[in-house]
Amino acid sequence: MIWDVHCHFPRNFGAEEEEDPAKLIDQRADALRAAGVTRASLLSGGGRTGSLTYEDCLTYARRHEDLFVPVAVVPIDESNGHDVRRAHELGYRGLKIIGSKHDYDDHRYFRIYEAAEALRMPILFHMGVIGGGVDYSITHPRRDPKAAQSLERMRRMGRGNPRDVSATRMRPFHLDTIANNFPELR
């Protein structure tokens with residue numbers, strides 16, 4: 001069995017208009033199967049799937065129930081245990097957390113972890129930096145027209161604006177506190 005634990009709901013960030021989600025999900029499923037993937041944690045919602053709601057994403061994921069396991073992307077600073085229970089009731093089987101305004105082991109998030117533990121919902125914690133449309137290690141928008149176009153497209157989508165996110169809040173050592181307080185959390 002090959003399980004892709006980090007499969008984003010398909011979205012073409014380069015398109016001026018949103019494409020047909022049914023077509024995109026079918027293409028993603030075909031590509032995963034062609035690569036030998038037998039299960040995939042499909043990361044959905046939380047403002048990261050365009051105009052699609054959690055419910056919409058589930059509808060499309062169910063087109064390939066044998067492949068996709070729905071995982072709700074949770075906006076951690078705007079969520080609580082109730083939101084986790086609601087996602088579970090909808091049909092989500094795991095959570096992804098990214099972009100926290102506080103360290104992952106901050107007590108403000110404990111209700112989320114408590115609910116996930118009780119519901120046996122694994123959490124995929126994003127570790128480290130958050131990528132973007134420009135890889136500054138190889139180029140820069142001031143000297144590369146394609147990088148400048150990519151950065152401008154991200155800004156139009158609201159993704160290039162300043163954000164209160166830091167890789168130091170998403171470090172693996174924060175998981176130690178979580179593991180000690182929620183020993184049954186997956």
# chains A, B, ... in the order shown; residues from 1 in each chain; ligands from 1

call {"tool": "residues_around", "arguments": {"residues": "region 31-43 of chain A", "least_positions_apart": "2", "cutoff": "12 Å", "atoms": "only C-alpha atoms", "output": "PDB file with C-alpha atoms, in the first residue's frame"}}
result
ATOM      1  CA  MET A   1       0.000   0.000   0.000  1.00  0.00           C
ATOM      2  CA  ILE A   2       1.235   3.481  -0.878  1.00  0.00           C
ATOM      3  CA  TRP A   3      -0.514   6.259   1.057  1.00  0.00           C
ATOM      4  CA  ASP A   4       0.023   9.894   0.084  1.00  0.00           C
ATOM      5  CA  VAL A   5      -0.522  11.673   3.415  1.00  0.00           C
ATOM      6  CA  HIS A   6      -0.231  15.187   1.962  1.00  0.00           C
ATOM      7  CA  CYS A   7      -2.434  15.502  -1.116  1.00  0.00           C
ATOM      8  CA  HIS A   8      -3.919  18.957  -1.617  1.00  0.00           C
ATOM      9  CA  PHE A   9      -7.382  19.342  -3.091  1.00  0.00           C
ATOM     10  CA  PRO A  10      -6.574  20.147  -6.726  1.00  0.00           C
ATOM     11  CA  ARG A  11      -6.631  23.779  -7.664  1.00  0.00           C
ATOM     12  CA  LEU A  24      -9.592  18.483 -11.377  1.00  0.00           C
ATOM     13  CA  ILE A  25     -10.376  15.829  -8.757  1.00  0.00           C
ATOM     14  CA  ASP A  26     -10.708  13.151 -11.450  1.00  0.00           C
ATOM     15  CA  GLN A  27      -7.355  14.180 -12.943  1.00  0.00           C
ATOM     16  CA  ARG A  28      -5.724  14.104  -9.504  1.00  0.00           C
ATOM     17  CA  ALA A  29      -7.161  10.644  -8.826  1.00  0.00           C
ATOM     18  CA  GLY A  45     -11.265  23.460   3.065  1.00  0.00           C
ATOM     19  CA  GLY A  46     -10.129  26.021   5.581  1.00  0.00           C
ATOM     20  CA  GLY A  47     -10.022  28.750   2.941  1.00  0.00           C
ATOM     21  CA  ARG A  48      -7.382  26.870   0.946  1.00  0.00           C
ATOM     22  CA  THR A  49      -9.694  25.427  -1.707  1.00  0.00           C
ATOM     23  CA  TYR A  54     -15.907  21.724   3.363  1.00  0.00           C
ATOM     24  CA  CYS A  57     -14.857  19.214  -1.138  1.00  0.00           C
ATOM     25  CA  LEU A  58     -16.448  16.104   0.383  1.00  0.00           C
ATOM     26  CA  TYR A  60     -15.935  15.762  -4.980  1.00  0.00           C
ATOM     27  CA  ALA A  61     -13.804  13.465  -2.800  1.00  0.00           C
ATOM     28  CA  ARG A  62     -16.635  10.914  -2.759  1.00  0.00           C
ATOM     29  CA  HIS A  64     -13.171   8.387  -5.544  1.00  0.00           C
ATOM     30  CA  GLU A  65     -14.041   7.006  -2.086  1.00  0.00           C
ATOM     31  CA  ASP A  66     -11.711   4.053  -2.613  1.00  0.00           C
ATOM     32  CA  LEU A  67      -8.768   6.461  -2.893  1.00  0.00           C
ATOM     33  CA  PHE A  68      -9.393   9.674  -0.940  1.00  0.00           C
ATOM     34  CA  VAL A  69      -9.571  10.002   2.834  1.00  0.00           C
ATOM     35  CA  PRO A  70     -10.972  13.468   3.600  1.00  0.00           C
ATOM     36  CA  VAL A  71      -8.745  15.620   5.831  1.00  0.00           C
ATOM     37  CA  ALA A  72     -10.016  19.052   6.915  1.00  0.00           C
ATOM     38  CA  VAL A  73      -7.553  21.920   6.833  1.00  0.00           C
ATOM     39  CA  VAL A  74      -8.379  23.713  10.076  1.00  0.00           C
ATOM     40  CA  TYR A  92     -13.693  14.214   7.594  1.00  0.00           C
ATOM     41  CA  ARG A  93     -11.345  11.633   9.109  1.00  0.00           C
ATOM     42  CA  GLY A  94      -8.287  13.746   9.866  1.00  0.00           C
ATOM     43  CA  LEU A  95      -7.077  17.319  10.295  1.00  0.00           C
ATOM     44  CA  LYS A  96      -4.271  19.417   8.875  1.00  0.00           C
ATOM     45  CA  ILE A  97      -2.994  22.396  10.828  1.00  0.00           C
ATOM     46  CA  ILE A  98      -0.830  25.124   9.330  1.00  0.00           C
ATOM     47  CA  PRO A 122      -5.045  12.094  13.197  1.00  0.00           C
ATOM     48  CA  ILE A 123      -3.543  15.551  12.798  1.00  0.00           C
ATOM     49  CA  LEU A 124      -1.021  16.417  10.111  1.00  0.00           C
ATOM     50  CA  PHE A 125       0.982  19.321  11.527  1.00  0.00           C
ATOM     51  CA  HIS A 126       2.738  21.430   8.913  1.00  0.00           C
TER      52      HIS A 126
END

call {"tool": "select_by_dssp", "arguments": {"residues": "region 73-122 of chain A", "states": "strand (DSSP E)", "output": "NGL selection string"}}
result
:A and (73-74 or 94-97)

call {"tool": "closest_residue", "arguments": {"among": "A:Glu18, A:Glu184, A:Asp106, A:Glu117", "to": "Arg169 (chain A)", "atoms": "only C-alpha atoms"}}
result
A:Asp106

call {"tool": "atom_distance", "arguments": {"atom1": "CA of Val84 (chain A)", "atom2": "CA of Arg108 (chain A)"}}
result
14.4 Å

call {"tool": "atom_distance", "arguments": {"atom1": "CA of Thr139 (chain A)", "atom2": "CA of Glu17 (chain A)"}}
result
26.7 Å

call {"tool": "atom_distance", "arguments": {"atom1": "CA of Ile112 (chain A)", "atom2": "CA of Ser79 (chain A)"}}
result
7.4 Å

call {"tool": "select_by_dssp", "arguments": {"residues": "region 36-128 of chain A", "states": "alpha helix (DSSP H)", "output": "PyMOL selection string"}}
result
chain A and resi 54-61+81-90+110-119

call {"tool": "closest_residue", "arguments": {"among": "A:Glu89, A:Pro145, A:Tyr104, A:Pro75", "to": "Leu175 (chain A)", "atoms": "only C-alpha atoms"}}
result
A:Tyr104
